[in-house]
Structures are given as C-alpha cells and as structure tokens.
>>> print(open('run16.pdb').read())   # PDB, C-alpha atoms
ATOM      1  CA  MET A  24      94.040  94.076 104.303
ATOM      2  CA  VAL A  25      97.424  94.853 102.738
ATOM      3  CA  ILE A  26      99.147  94.279 106.105
ATOM      4  CA  GLY A  27      97.337  90.933 106.380
ATOM      5  CA  ILE A  28      98.576  89.814 102.967
ATOM      6  CA  LEU A  29     102.123  90.919 103.851
ATOM      7  CA  CYS A  30     101.893  88.929 107.087
ATOM      8  CA  VAL A  31     100.758  85.805 105.181
ATOM      9  CA  LEU A  32     103.719  86.269 102.868
ATOM     10  CA  ALA A  33     106.113  86.694 105.819
ATOM     11  CA  ALA A  34     104.646  83.552 107.482
ATOM     12  CA  VAL A  35     105.253  81.464 104.356
ATOM     13  CA  LEU A  36     108.769  82.875 103.864
ATOM     14  CA  TYR A  37     109.697  82.218 107.502
ATOM     15  CA  TYR A  38     108.292  78.674 107.383
ATOM     16  CA  GLU A  39     110.212  77.898 104.202
ATOM     17  CA  GLY A  40     113.383  79.312 105.768
ATOM     18  CA  ILE A  41     113.751  81.915 103.018
ATOM     19  CA  LEU A  42     113.358  84.828 105.436
ATOM     20  CA  GLN A  43     116.193  84.784 108.010
ATOM     21  CA  ILE A  44     115.922  88.136 109.764
ATOM     22  CA  PHE A  45     115.364  88.464 113.560
ATOM     23  CA  VAL A  46     116.081  84.757 114.113
ATOM     24  CA  THR A  47     118.497  83.184 116.602
ATOM     25  CA  ASP A  48     119.528  80.281 114.345
ATOM     26  CA  SER A  49     120.002  81.637 110.825
ATOM     27  CA  HIS A  50     120.765  78.159 109.422
ATOM     28  CA  ALA A  51     117.482  76.528 110.512
ATOM     29  CA  ALA A  52     115.345  75.025 107.716
ATOM     30  CA  HIS A  53     112.050  76.263 109.219
ATOM     31  CA  HIS A  54     111.206  79.090 111.602
ATOM     32  CA  THR A  55     107.924  77.666 112.853
ATOM     33  CA  THR A  56     107.489  80.121 115.748
ATOM     34  CA  HIS A  57     107.952  83.157 113.513
ATOM     35  CA  ALA A  58     105.635  81.621 110.902
ATOM     36  CA  ILE A  59     102.915  81.026 113.513
ATOM     37  CA  LEU A  60     103.325  84.576 114.823
ATOM     38  CA  PHE A  61     102.902  86.090 111.352
ATOM     39  CA  ALA A  62      99.949  83.799 110.625
ATOM     40  CA  VAL A  63      98.269  85.084 113.819
ATOM     41  CA  LEU A  64      99.116  88.678 112.844
ATOM     42  CA  ALA A  65      97.596  88.054 109.411
ATOM     43  CA  VAL A  66      94.356  86.796 110.989
ATOM     44  CA  ALA A  67      94.319  89.808 113.339
ATOM     45  CA  SER A  68      94.882  92.172 110.391
ATOM     46  CA  PHE A  69      92.005  90.638 108.405
ATOM     47  CA  ILE A  70      89.739  90.929 111.466
ATOM     48  CA  ALA A  71      90.780  94.578 111.912
ATOM     49  CA  ALA A  72      90.086  95.215 108.209
ATOM     50  CA  ASN A  73      86.646  93.650 108.618
ATOM     51  CA  PHE A  74      85.962  95.907 111.621
ATOM     52  CA  ALA A  75      87.089  98.979 109.672
ATOM     53  CA  ARG A  76      85.003  98.390 106.538
ATOM     54  CA  GLU A  77      81.826 100.372 106.072
ATOM     55  CA  LYS A  78      78.785  98.414 107.227
ATOM     56  CA  VAL A  79      75.641  98.321 105.082
ATOM     57  CA  TYR A  80      72.389  97.505 106.902
TER      58      TYR A  80
ATOM     59  CA  MET B   6     109.644  71.424 140.792
ATOM     60  CA  GLY B   7     106.207  70.855 139.247
ATOM     61  CA  LEU B   8     104.445  72.052 142.393
ATOM     62  CA  LEU B   9     106.756  75.062 142.642
ATOM     63  CA  GLN B  10     106.277  76.079 139.008
ATOM     64  CA  GLY B  11     102.504  75.543 139.025
ATOM     65  CA  ALA B  12     102.020  77.588 142.179
ATOM     66  CA  SER B  13     104.455  80.386 141.374
ATOM     67  CA  GLU B  14     103.316  80.797 137.731
ATOM     68  CA  LEU B  15     100.036  82.385 138.781
ATOM     69  CA  PHE B  16     101.058  83.976 142.082
ATOM     70  CA  PRO B  17     102.652  87.372 141.394
ATOM     71  CA  VAL B  18     106.045  86.149 142.590
ATOM     72  CA  SER B  19     107.779  85.049 139.323
ATOM     73  CA  SER B  20     107.905  81.344 138.506
ATOM     74  CA  LEU B  21     111.007  81.821 136.341
ATOM     75  CA  GLY B  22     112.787  83.632 139.170
ATOM     76  CA  HIS B  23     111.938  80.783 141.545
ATOM     77  CA  ALA B  24     112.919  78.196 138.912
ATOM     78  CA  VAL B  25     116.357  79.834 138.728
ATOM     79  CA  LEU B  26     116.759  80.568 142.445
ATOM     80  CA  VAL B  27     115.370  77.533 144.277
ATOM     81  CA  PRO B  28     117.441  74.800 142.543
ATOM     82  CA  SER B  29     120.517  76.945 143.043
ATOM     83  CA  LEU B  30     119.830  77.589 146.751
ATOM     84  CA  LEU B  31     118.888  73.954 147.465
ATOM     85  CA  HIS B  32     121.772  72.602 145.359
ATOM     86  CA  TRP B  33     119.440  70.504 143.193
ATOM     87  CA  SER B  34     121.320  68.536 140.601
ATOM     88  CA  PHE B  35     119.742  69.757 137.328
ATOM     89  CA  LYS B  36     120.776  72.939 135.602
ATOM     90  CA  GLN B  37     119.088  75.243 133.106
ATOM     91  CA  SER B  38     121.853  74.551 130.618
ATOM     92  CA  ASP B  39     120.885  70.848 130.665
ATOM     93  CA  PRO B  40     119.226  69.888 127.307
ATOM     94  CA  SER B  41     116.392  68.134 129.153
ATOM     95  CA  PHE B  42     115.502  71.250 131.168
ATOM     96  CA  VAL B  43     113.608  73.023 128.352
ATOM     97  CA  PRO B  44     111.269  70.078 127.559
ATOM     98  CA  PHE B  45     110.649  69.705 131.306
ATOM     99  CA  LEU B  46     109.746  73.387 131.643
ATOM    100  CA  VAL B  47     107.552  73.094 128.528
ATOM    101  CA  LEU B  48     105.510  70.284 130.050
ATOM    102  CA  LEU B  49     105.146  72.156 133.333
ATOM    103  CA  HIS B  50     103.795  75.158 131.408
ATOM    104  CA  LEU B  51     101.368  72.953 129.513
ATOM    105  CA  GLY B  52     100.173  71.634 132.893
ATOM    106  CA  THR B  53      99.566  75.213 134.056
ATOM    107  CA  ALA B  54      97.783  76.174 130.818
ATOM    108  CA  GLY B  55      95.645  73.030 131.106
ATOM    109  CA  ALA B  56      94.624  74.025 134.642
ATOM    110  CA  LEU B  57      93.620  77.515 133.451
ATOM    111  CA  LEU B  58      91.611  76.001 130.583
ATOM    112  CA  VAL B  59      89.776  73.730 133.029
ATOM    113  CA  LEU B  60      89.141  76.619 135.434
ATOM    114  CA  TYR B  61      87.719  78.868 132.712
ATOM    115  CA  ARG B  62      86.332  76.139 130.435
ATOM    116  CA  ASP B  63      82.818  77.620 130.143
ATOM    117  CA  GLU B  64      84.186  81.127 129.692
ATOM    118  CA  TRP B  65      86.594  79.997 126.952
ATOM    119  CA  VAL B  66      83.753  78.321 125.033
ATOM    120  CA  GLY B  67      81.835  81.624 125.155
ATOM    121  CA  LEU B  68      84.926  83.649 124.283
ATOM    122  CA  ILE B  69      85.759  81.525 121.230
ATOM    123  CA  ARG B  70      82.149  81.691 120.007
ATOM    124  CA  GLY B  71      82.072  85.442 120.654
ATOM    125  CA  PHE B  72      85.401  85.916 118.908
ATOM    126  CA  VAL B  73      84.296  84.074 115.768
ATOM    127  CA  ALA B  74      80.936  85.872 115.692
ATOM    128  CA  ALA B  75      82.474  89.337 116.161
ATOM    129  CA  ALA B  76      85.288  88.654 113.667
ATOM    130  CA  ILE B  77      82.853  87.554 110.938
ATOM    131  CA  ARG B  78      80.335  90.318 111.672
ATOM    132  CA  GLY B  79      83.030  92.998 111.995
ATOM    133  CA  GLN B  80      81.272  94.434 114.974
ATOM    134  CA  ILE B  81      81.230  93.899 118.754
ATOM    135  CA  ARG B  82      77.793  93.501 120.291
ATOM    136  CA  THR B  83      78.270  91.776 123.653
ATOM    137  CA  ASP B  84      80.669  91.992 126.600
ATOM    138  CA  THR B  85      81.974  88.490 125.834
ATOM    139  CA  GLU B  86      82.772  89.495 122.248
ATOM    140  CA  ARG B  87      84.535  92.615 123.518
ATOM    141  CA  LEU B  88      86.563  90.571 126.023
ATOM    142  CA  SER B  89      87.598  88.093 123.310
ATOM    143  CA  MET B  90      88.895  90.965 121.149
ATOM    144  CA  LEU B  91      90.635  92.529 124.165
ATOM    145  CA  LEU B  92      92.431  89.219 124.728
ATOM    146  CA  LEU B  93      93.547  89.161 121.086
ATOM    147  CA  VAL B  94      94.810  92.748 121.336
ATOM    148  CA  GLY B  95      96.604  91.893 124.606
ATOM    149  CA  THR B  96      98.149  88.709 123.226
ATOM    150  CA  ILE B  97      99.650  90.201 120.035
ATOM    151  CA  PRO B  98     102.302  92.441 121.681
ATOM    152  CA  ALA B  99     103.256  89.609 124.053
ATOM    153  CA  GLY B 100     103.600  87.264 121.064
ATOM    154  CA  ILE B 101     105.711  89.696 119.019
ATOM    155  CA  LEU B 102     108.009  90.557 121.926
ATOM    156  CA  GLY B 103     108.135  86.903 122.989
ATOM    157  CA  VAL B 104     109.217  85.593 119.596
ATOM    158  CA  PHE B 105     111.775  88.316 118.900
ATOM    159  CA  LEU B 106     113.185  88.987 122.368
ATOM    160  CA  GLU B 107     112.763  85.940 124.614
ATOM    161  CA  SER B 108     115.938  84.023 123.794
ATOM    162  CA  ARG B 109     118.048  87.180 123.735
ATOM    163  CA  ILE B 110     116.782  88.436 127.119
ATOM    164  CA  LYS B 111     116.898  85.033 128.840
ATOM    165  CA  GLY B 112     120.458  84.503 127.674
ATOM    166  CA  PHE B 113     121.571  87.657 129.454
ATOM    167  CA  PHE B 114     119.828  87.059 132.771
ATOM    168  CA  ALA B 115     119.959  83.404 133.720
ATOM    169  CA  ASN B 116     122.031  83.507 136.890
ATOM    170  CA  PRO B 117     120.639  83.349 140.452
ATOM    171  CA  GLU B 118     122.061  86.688 141.615
ATOM    172  CA  GLU B 119     120.284  88.563 138.816
ATOM    173  CA  ALA B 120     117.083  86.585 139.459
ATOM    174  CA  ALA B 121     117.234  87.609 143.148
ATOM    175  CA  ALA B 122     117.824  91.255 142.188
ATOM    176  CA  PHE B 123     114.892  91.220 139.750
ATOM    177  CA  LEU B 124     112.740  89.574 142.438
ATOM    178  CA  ILE B 125     113.350  92.648 144.601
ATOM    179  CA  VAL B 126     112.435  94.888 141.623
ATOM    180  CA  ASN B 127     109.274  92.799 141.154
ATOM    181  CA  GLY B 128     108.341  93.303 144.807
ATOM    182  CA  MET B 129     108.839  97.043 144.513
ATOM    183  CA  LEU B 130     106.690  97.087 141.367
ATOM    184  CA  MET B 131     103.854  95.300 143.235
ATOM    185  CA  LEU B 132     104.098  97.796 146.097
ATOM    186  CA  GLY B 133     104.219 100.667 143.596
ATOM    187  CA  PHE B 134     101.086  99.416 141.818
ATOM    188  CA  GLU B 135      99.230  99.392 145.140
ATOM    189  CA  VAL B 136     100.441 102.911 146.035
ATOM    190  CA  LEU B 137      99.035 104.180 142.714
ATOM    191  CA  ARG B 138      95.843 102.207 143.257
ATOM    192  CA  ARG B 139      95.316 103.705 146.719
ATOM    193  CA  ARG B 140      95.792 107.142 145.167
ATOM    194  CA  SER B 141      93.056 106.485 142.609
ATOM    195  CA  GLU B 142      90.837 105.108 145.385
ATOM    196  CA  ARG B 143      91.247 108.416 147.224
ATOM    197  CA  LYS B 144      90.411 110.323 144.036
ATOM    198  CA  SER B 145      87.264 108.292 143.463
ATOM    199  CA  SER B 146      86.139 109.028 147.052
ATOM    200  CA  ALA B 147      86.351 105.365 147.928
ATOM    201  CA  GLN B 148      87.727 106.110 151.412
ATOM    202  CA  GLY B 149      85.809 105.186 154.543
ATOM    203  CA  VAL B 150      83.776 102.437 152.893
ATOM    204  CA  SER B 151      84.206  98.664 153.021
ATOM    205  CA  ARG B 152      86.747  96.951 150.762
ATOM    206  CA  ALA B 153      83.949  95.347 148.761
ATOM    207  CA  GLU B 154      82.383  98.768 148.131
ATOM    208  CA  GLN B 155      85.807 100.210 147.322
ATOM    209  CA  GLU B 156      86.384  97.492 144.736
ATOM    210  CA  GLY B 157      82.878  97.925 143.347
ATOM    211  CA  GLN B 158      83.817 101.400 142.135
ATOM    212  CA  PHE B 159      86.273  99.918 139.653
ATOM    213  CA  ALA B 160      85.588  98.177 136.347
ATOM    214  CA  THR B 161      85.267  94.593 135.114
ATOM    215  CA  ALA B 162      87.705  93.086 132.600
ATOM    216  CA  GLU B 163      85.247  93.640 129.718
ATOM    217  CA  ARG B 164      85.388  97.425 130.258
ATOM    218  CA  ILE B 165      89.163  97.870 129.924
ATOM    219  CA  SER B 166      90.158  99.997 126.904
ATOM    220  CA  PHE B 167      91.848  98.383 123.882
ATOM    221  CA  ARG B 168      94.917 100.555 124.363
ATOM    222  CA  ALA B 169      95.207  99.477 128.013
ATOM    223  CA  ALA B 170      94.777  95.820 126.978
ATOM    224  CA  ALA B 171      97.660  96.185 124.502
ATOM    225  CA  ILE B 172      99.871  97.814 127.169
ATOM    226  CA  VAL B 173      99.016  95.158 129.772
ATOM    227  CA  GLY B 174      99.739  92.479 127.158
ATOM    228  CA  ALA B 175     103.090  94.055 126.272
ATOM    229  CA  CYS B 176     103.994  94.149 129.986
ATOM    230  CA  GLN B 177     104.046  90.332 129.872
ATOM    231  CA  ALA B 178     107.357  90.588 128.018
ATOM    232  CA  LEU B 179     108.956  91.913 131.221
ATOM    233  CA  ALA B 180     108.481  88.431 132.667
ATOM    234  CA  PHE B 181     111.307  87.123 130.443
ATOM    235  CA  LEU B 182     113.526  88.665 133.097
ATOM    236  CA  PRO B 183     113.819  85.943 135.760
ATOM    237  CA  GLY B 184     112.382  87.491 138.927
ATOM    238  CA  ILE B 185     109.738  89.649 137.232
ATOM    239  CA  SER B 186     106.308  88.041 137.511
ATOM    240  CA  ARG B 187     104.103  87.838 134.419
ATOM    241  CA  SER B 188     100.918  87.659 136.481
ATOM    242  CA  GLY B 189     102.244  90.402 138.781
ATOM    243  CA  VAL B 190     102.834  92.940 136.018
ATOM    244  CA  THR B 191      99.577  92.099 134.229
ATOM    245  CA  ILE B 192      97.517  92.286 137.439
ATOM    246  CA  GLY B 193      99.309  95.542 138.280
ATOM    247  CA  GLY B 194      98.693  96.851 134.762
ATOM    248  CA  GLY B 195      95.042  95.909 135.104
ATOM    249  CA  LEU B 196      94.829  97.837 138.371
ATOM    250  CA  LEU B 197      96.348 100.918 136.727
ATOM    251  CA  ALA B 198      93.800 100.543 133.917
ATOM    252  CA  GLY B 199      91.050 100.804 136.541
ATOM    253  CA  LEU B 200      90.064  97.158 137.024
ATOM    254  CA  ARG B 201      88.964  95.599 140.314
ATOM    255  CA  HIS B 202      91.626  93.356 141.857
ATOM    256  CA  GLU B 203      89.613  90.201 141.143
ATOM    257  CA  GLU B 204      88.957  91.302 137.560
ATOM    258  CA  ALA B 205      92.613  92.223 137.037
ATOM    259  CA  ALA B 206      93.537  88.684 138.165
ATOM    260  CA  ARG B 207      90.855  87.176 135.887
ATOM    261  CA  PHE B 208      92.081  89.214 132.901
ATOM    262  CA  SER B 209      95.672  88.230 133.703
ATOM    263  CA  PHE B 210      94.794  84.500 133.822
ATOM    264  CA  LEU B 211      92.754  84.659 130.607
ATOM    265  CA  LEU B 212      95.564  86.572 128.910
ATOM    266  CA  ALA B 213      98.111  84.021 130.120
ATOM    267  CA  THR B 214      96.370  80.949 128.730
ATOM    268  CA  PRO B 215      96.970  81.410 124.961
ATOM    269  CA  VAL B 216     100.541  82.655 125.515
ATOM    270  CA  ILE B 217     101.535  79.784 127.833
ATOM    271  CA  LEU B 218      99.717  77.233 125.654
ATOM    272  CA  ALA B 219     101.297  78.507 122.425
ATOM    273  CA  ALA B 220     104.793  78.647 123.960
ATOM    274  CA  GLY B 221     104.314  75.104 125.245
ATOM    275  CA  LEU B 222     102.930  73.625 122.019
ATOM    276  CA  VAL B 223     105.699  75.146 119.885
ATOM    277  CA  GLU B 224     108.302  73.365 122.032
ATOM    278  CA  VAL B 225     106.449  70.006 122.112
ATOM    279  CA  PRO B 226     108.723  68.335 119.479
ATOM    280  CA  GLN B 227     111.612  68.627 121.952
ATOM    281  CA  LEU B 228     109.729  66.230 124.231
ATOM    282  CA  PHE B 229     110.343  63.431 121.752
ATOM    283  CA  ALA B 230     114.107  63.867 121.881
ATOM    284  CA  ASN B 231     116.054  60.791 122.940
ATOM    285  CA  GLY B 232     116.695  60.221 126.624
ATOM    286  CA  VAL B 233     113.896  62.386 127.984
ATOM    287  CA  PRO B 234     112.162  60.612 130.921
ATOM    288  CA  VAL B 235     108.632  61.372 129.699
ATOM    289  CA  GLY B 236     106.907  59.584 132.607
ATOM    290  CA  GLU B 237     108.606  61.706 135.254
ATOM    291  CA  TYR B 238     108.030  64.861 133.239
ATOM    292  CA  VAL B 239     104.316  64.121 132.828
ATOM    293  CA  ALA B 240     104.050  63.543 136.590
ATOM    294  CA  GLY B 241     105.667  66.975 137.073
ATOM    295  CA  ALA B 242     103.187  68.523 134.618
ATOM    296  CA  VAL B 243     100.207  66.984 136.444
ATOM    297  CA  LEU B 244     101.490  68.344 139.748
ATOM    298  CA  ALA B 245     102.073  71.754 138.117
ATOM    299  CA  GLY B 246      98.491  71.691 136.798
ATOM    300  CA  LEU B 247      97.051  70.788 140.204
ATOM    301  CA  ALA B 248      99.097  73.492 141.935
ATOM    302  CA  ALA B 249      98.121  76.067 139.276
ATOM    303  CA  TYR B 250      94.415  75.192 139.584
ATOM    304  CA  ALA B 251      94.502  75.482 143.385
ATOM    305  CA  SER B 252      96.492  78.723 143.312
ATOM    306  CA  ALA B 253      94.185  80.301 140.687
ATOM    307  CA  ARG B 254      91.117  79.446 142.790
ATOM    308  CA  PHE B 255      92.822  80.830 145.877
ATOM    309  CA  LEU B 256      93.960  84.036 144.142
ATOM    310  CA  LEU B 257      90.540  84.799 142.634
ATOM    311  CA  ARG B 258      89.010  84.476 146.095
ATOM    312  CA  TYR B 259      91.861  86.411 147.734
ATOM    313  CA  PHE B 260      91.631  89.348 145.311
ATOM    314  CA  ARG B 261      87.949  89.956 146.126
ATOM    315  CA  SER B 262      89.292  92.036 149.003
ATOM    316  CA  GLY B 263      93.046  91.434 149.096
ATOM    317  CA  ARG B 264      95.847  93.481 147.589
ATOM    318  CA  LEU B 265      99.245  92.881 145.991
ATOM    319  CA  ASP B 266     101.200  94.210 149.010
ATOM    320  CA  PRO B 267     101.887  90.850 150.759
ATOM    321  CA  TYR B 268     103.363  89.446 147.531
ATOM    322  CA  GLY B 269     105.392  92.611 147.055
ATOM    323  CA  TRP B 270     106.864  92.347 150.555
ATOM    324  CA  TYR B 271     107.466  88.601 150.039
ATOM    325  CA  CYS B 272     109.412  89.267 146.808
ATOM    326  CA  VAL B 273     111.540  91.978 148.405
ATOM    327  CA  ALA B 274     112.297  89.741 151.414
ATOM    328  CA  ALA B 275     112.907  86.600 149.320
ATOM    329  CA  GLY B 276     115.182  88.530 146.967
ATOM    330  CA  LEU B 277     117.231  90.007 149.837
ATOM    331  CA  VAL B 278     117.509  86.650 151.668
ATOM    332  CA  SER B 279     118.492  84.888 148.430
ATOM    333  CA  LEU B 280     121.141  87.501 147.659
ATOM    334  CA  GLY B 281     122.511  87.059 151.193
ATOM    335  CA  LEU B 282     122.577  83.246 150.955
ATOM    336  CA  LEU B 283     124.169  83.326 147.512
ATOM    337  CA  ALA B 284     126.802  85.805 148.710
ATOM    338  CA  LEU B 285     127.599  83.544 151.689
ATOM    339  CA  ASN B 286     127.530  80.506 149.336
ATOM    340  CA  LEU B 287     125.378  78.514 151.800
TER     341      LEU B 287
END
>>> encode(input="run16.pdb", output="structure tokens")
Amino acid sequence: MVIGILCVLAAVLYYEGILQIFVTDSHAAHHTTHAILFAVLAVASFIAANFAREKVY
Amino acid sequence: MGLLQGASELFPVSSLGHAVLVPSLLHWSFKQSDPSFVPFLVLLHLGTAGALLVLYRDEWVGLIRGFVAAAIRGQIRTDTERLSMLLLVGTIPAGILGVFLESRIKGFFANPEEAAAFLIVNGMLMLGFEVLRRRSERKSSAQGVSRAEQEGQFATAERISFRAAAIVGACQALAFLPGISRSGVTIGGGLLAGLRHEEAARFSFLLATPVILAAGLVEVPQLFANGVPVGEYVAGAVLAGLAAYASARFLLRYFRSGRLDPYGWYCVAAGLVSLGLLALNL
C-alpha cells in the first residue's frame, strides 16, 4: 500500500515535471511516459496489497 | 516497410533489426535519424497491436473481466484470472526497462553492422533455446513419441509461474538491441519455463499487445507534427496489421509441431550475409 502511494506521488511529480531523474530530456515540462509507468506501478501495488490482505469469509 | 515490420514483429527474427538492415542494404532513401521515421514506426506498431487485438479479441475481453474480478476480490479463482495477472507481472519489468533504458540502448546500437551482428546472436539464442528444450524433452521421457504427444507433456500459458512470467517479461527489454527479437526471446523464455511451443507463442503475443500498444499510444502526438504524410503512414499501418495478423495465424499453427530452429538458422545466415554485403558495400 505504501509503495502504491509512493508510486502515485512519483507519477504526479513526473507529470508536473518536478521530478527529473532518469529522464533523457531534463528540461521537458511533462514526463508523460514516466508518469504513466508509475501510475501503472501504483495500480499493480494496490492490487498486490489487496491480494496480500487477510481474507475474512 | 509496413509489410516487413508487420511480418517480422511477430516472427522471431527481429523487426527492429530488419528495419535497420533492409533499408540500408536496399539503399532506401529514408533514415532512422529522419524526424518522420519515429511517427511512421509508431503507426506500424499500432497496426501490429491492432492485429493482435483482433486475433485475440474474445480472449482479451475475458482477460480484462478476469483481471478486474481478481483485482477487486484479491484472489485468483480461474485460469483466465491467473493468466491476466501473469500478463501484468510480465508487462511491469518490460515497462520499467523500456521507459528507463530504451532511448539509451537504441542510441548506442543503431547502425546496420551491429544489427547484423545481433541478428546472429539472436539466431544462436533461438538454437540454444531449442537445445535446452530437447534436453528437457529427454528428461521428461518424451522421446520416441509423436511431436503432438511430446508437446502435450508441457504446460499451457496459464500454468507458468509468476517468477517465470516476470523473467520472460524482462527478456523483452533485450529486443531494444536491433537484431534481437522480442517474440524470439519471449517464446524461448516460455519454452525454458516449460510451456508448449504453441502456448509460448500465445503467451508471447498476449504479452506483446499491451507493451506495443502503450509504446504506440504514448508517441501518437508526434503523428500530428507538421509535414507528416498521414495518409501514406496509415496505409503502411494497415499493411503492417494485415501482415501481423497473417503471420500470427501462421505461427500459432506452425508451433503446434514446429520449433524455433529454422528461424535461428535464418537469423544466423541473414546476419552473416548482411555483414558480408555491408563489408563489400554492395
């Protein structure tokens, strides 16, 4: 869950151009590809967290 | 170019390697450094992804439903749900490596000589995968029976482990090297993970669709740049889609009993011939 929230944060920061690490063009206003990647990673993290939680039947 | 890309994208012979080599050998006028080349390649990839979506349209509907159901429930109950999660696990490493490494790797290896050399490496990989597969066939006592029975002893795509799916997915990053085939390494990885040839090809094609589609859609804005002949590019994409559809149908039928060896030998031979022609500057 924590990783998911961090990924959401990274996605927003990359999209806004605030985060500039691991990018080819460090002057670009948006890093859409990186933002999409972190958004997907966030979704995957939330799914993994849902799989890991204790199920009550 | 559309036909070439569409056919070679799914055959284990490296579309990128052919896209670098063929124009150079035939002295075609456009170059990869041309600003209109990337949008052109993007549309060709979208054509290929479209063909794969059409081919597996019913399966994708089931996979998306299964994915949503399993994600909400937090539990996998059916083979379709398991396959959808395997595809997610396989796509993530390819996405991470793609975003962070693609431009750096492609920048280093964009000349025809290196593409020809990597084509030879690709061929040797295909042959190596089959050597290892034959070894596991011997271990599973699958000698002396028909090919169909031999293949029957191996698993379907739904049965691959999550770790193997992640490794097969990560192998896709090797395809950023022009000459290394994405479908080749993923089919080979599937074989090493114990899949039947046909199932390894199916898993490879399903795994390819989101990656190719996402890579294509991200680059779509470049299509609206000034001076891009959209009509010609769309015609190329349609041809790429038709070639990809036909080659996927052919490959799925071929891999019911066929192996990777012919493609391996083709890559080795094509790489050697290309190196020779480039050295002679013909």
>>> interface_residues(input="run16.pdb", of="chain B", to="chain A", cutoff="9 Å", atoms="all atoms listed in the file", output="list in words")
Ala75, Ala76, Ile77, Arg78, Gly79, Gln80, Ile81, Leu93, Val94, Ile97, Gly100, Ile101, Val104, Phe105, Ser108, Arg109, Ala220 and Val223 of chain B
>>> write_last_selection(input="run16.pdb", atoms="C-alpha atoms", output="CSV table (one decimal), keeping the file's coordinate frame")
chain,number,residue,atom,x,y,z
B,75,ALA,CA,82.5,89.3,116.2
B,76,ALA,CA,85.3,88.7,113.7
B,77,ILE,CA,82.9,87.6,110.9
B,78,ARG,CA,80.3,90.3,111.7
B,79,GLY,CA,83.0,93.0,112.0
B,80,GLN,CA,81.3,94.4,115.0
B,81,ILE,CA,81.2,93.9,118.8
B,93,LEU,CA,93.5,89.2,121.1
B,94,VAL,CA,94.8,92.7,121.3
B,97,ILE,CA,99.6,90.2,120.0
B,100,GLY,CA,103.6,87.3,121.1
B,101,ILE,CA,105.7,89.7,119.0
B,104,VAL,CA,109.2,85.6,119.6
B,105,PHE,CA,111.8,88.3,118.9
B,108,SER,CA,115.9,84.0,123.8
B,109,ARG,CA,118.0,87.2,123.7
B,220,ALA,CA,104.8,78.6,124.0
B,223,VAL,CA,105.7,75.1,119.9
>>> atom_distance(input="run16.pdb", atom1="CA of Trp270 in chain B", atom2="CA of Ala171 in chain B")
27.9 Å
>>> resolve_selection(input="run16.pdb", expression="the PyMOL selection byres ((chain B and resi 11) around 9)", output="CSV table (one decimal) with C-alpha atoms, in the frame of the given file")
chain,number,residue,atom,x,y,z
B,6,MET,CA,109.6,71.4,140.8
B,7,GLY,CA,106.2,70.9,139.2
B,8,LEU,CA,104.4,72.1,142.4
B,9,LEU,CA,106.8,75.1,142.6
B,10,GLN,CA,106.3,76.1,139.0
B,12,ALA,CA,102.0,77.6,142.2
B,13,SER,CA,104.5,80.4,141.4
B,14,GLU,CA,103.3,80.8,137.7
B,15,LEU,CA,100.0,82.4,138.8
B,20,SER,CA,107.9,81.3,138.5
B,49,LEU,CA,105.1,72.2,133.3
B,50,HIS,CA,103.8,75.2,131.4
B,52,GLY,CA,100.2,71.6,132.9
B,53,THR,CA,99.6,75.2,134.1
B,242,ALA,CA,103.2,68.5,134.6
B,244,LEU,CA,101.5,68.3,139.7
B,245,ALA,CA,102.1,71.8,138.1
B,246,GLY,CA,98.5,71.7,136.8
B,247,LEU,CA,97.1,70.8,140.2
B,248,ALA,CA,99.1,73.5,141.9
B,249,ALA,CA,98.1,76.1,139.3
B,250,TYR,CA,94.4,75.2,139.6
B,252,SER,CA,96.5,78.7,143.3
>>> resolve_selection(input="run16.pdb", expression="the PyMOL selection byres ((chain B and resi 183) around 12)", output="PyMOL selection string")
chain B and resi 14+18-26+107+110-127+178-182+184-187+276
>>> residues_around(input="run16.pdb", residues="Ser166 in chain B", least_positions_apart="6", cutoff="12 Å", atoms="all atoms listed in the file", output="mmCIF file with C-alpha atoms, in the frame of the given file")
data_model
loop_
_atom_site.group_PDB
_atom_site.id
_atom_site.type_symbol
_atom_site.label_atom_id
_atom_site.label_comp_id
_atom_site.auth_asym_id
_atom_site.auth_seq_id
_atom_site.Cartn_x
_atom_site.Cartn_y
_atom_site.Cartn_z
ATOM 1 C CA ARG B 87 84.535 92.615 123.518
ATOM 2 C CA LEU B 88 86.563 90.571 126.023
ATOM 3 C CA MET B 90 88.895 90.965 121.149
ATOM 4 C CA LEU B 91 90.635 92.529 124.165
ATOM 5 C CA LEU B 92 92.431 89.219 124.728
ATOM 6 C CA VAL B 94 94.810 92.748 121.336
ATOM 7 C CA GLY B 95 96.604 91.893 124.606
ATOM 8 C CA ALA B 160 85.588 98.177 136.347
ATOM 9 C CA ILE B 172 99.871 97.814 127.169
ATOM 10 C CA VAL B 173 99.016 95.158 129.772
ATOM 11 C CA GLY B 195 95.042 95.909 135.104
ATOM 12 C CA LEU B 197 96.348 100.918 136.727
ATOM 13 C CA ALA B 198 93.800 100.543 133.917
ATOM 14 C CA GLY B 199 91.050 100.804 136.541
ATOM 15 C CA LEU B 200 90.064 97.158 137.024
#
>>> atom_distance(input="run16.pdb", atom1="CA of Ser68 in chain A", atom2="CA of Ile28 in chain A")
8.6 Å
>>> atom_distance(input="run16.pdb", atom1="CA of Leu137 in chain B", atom2="CA of Gly193 in chain B")
9.7 Å
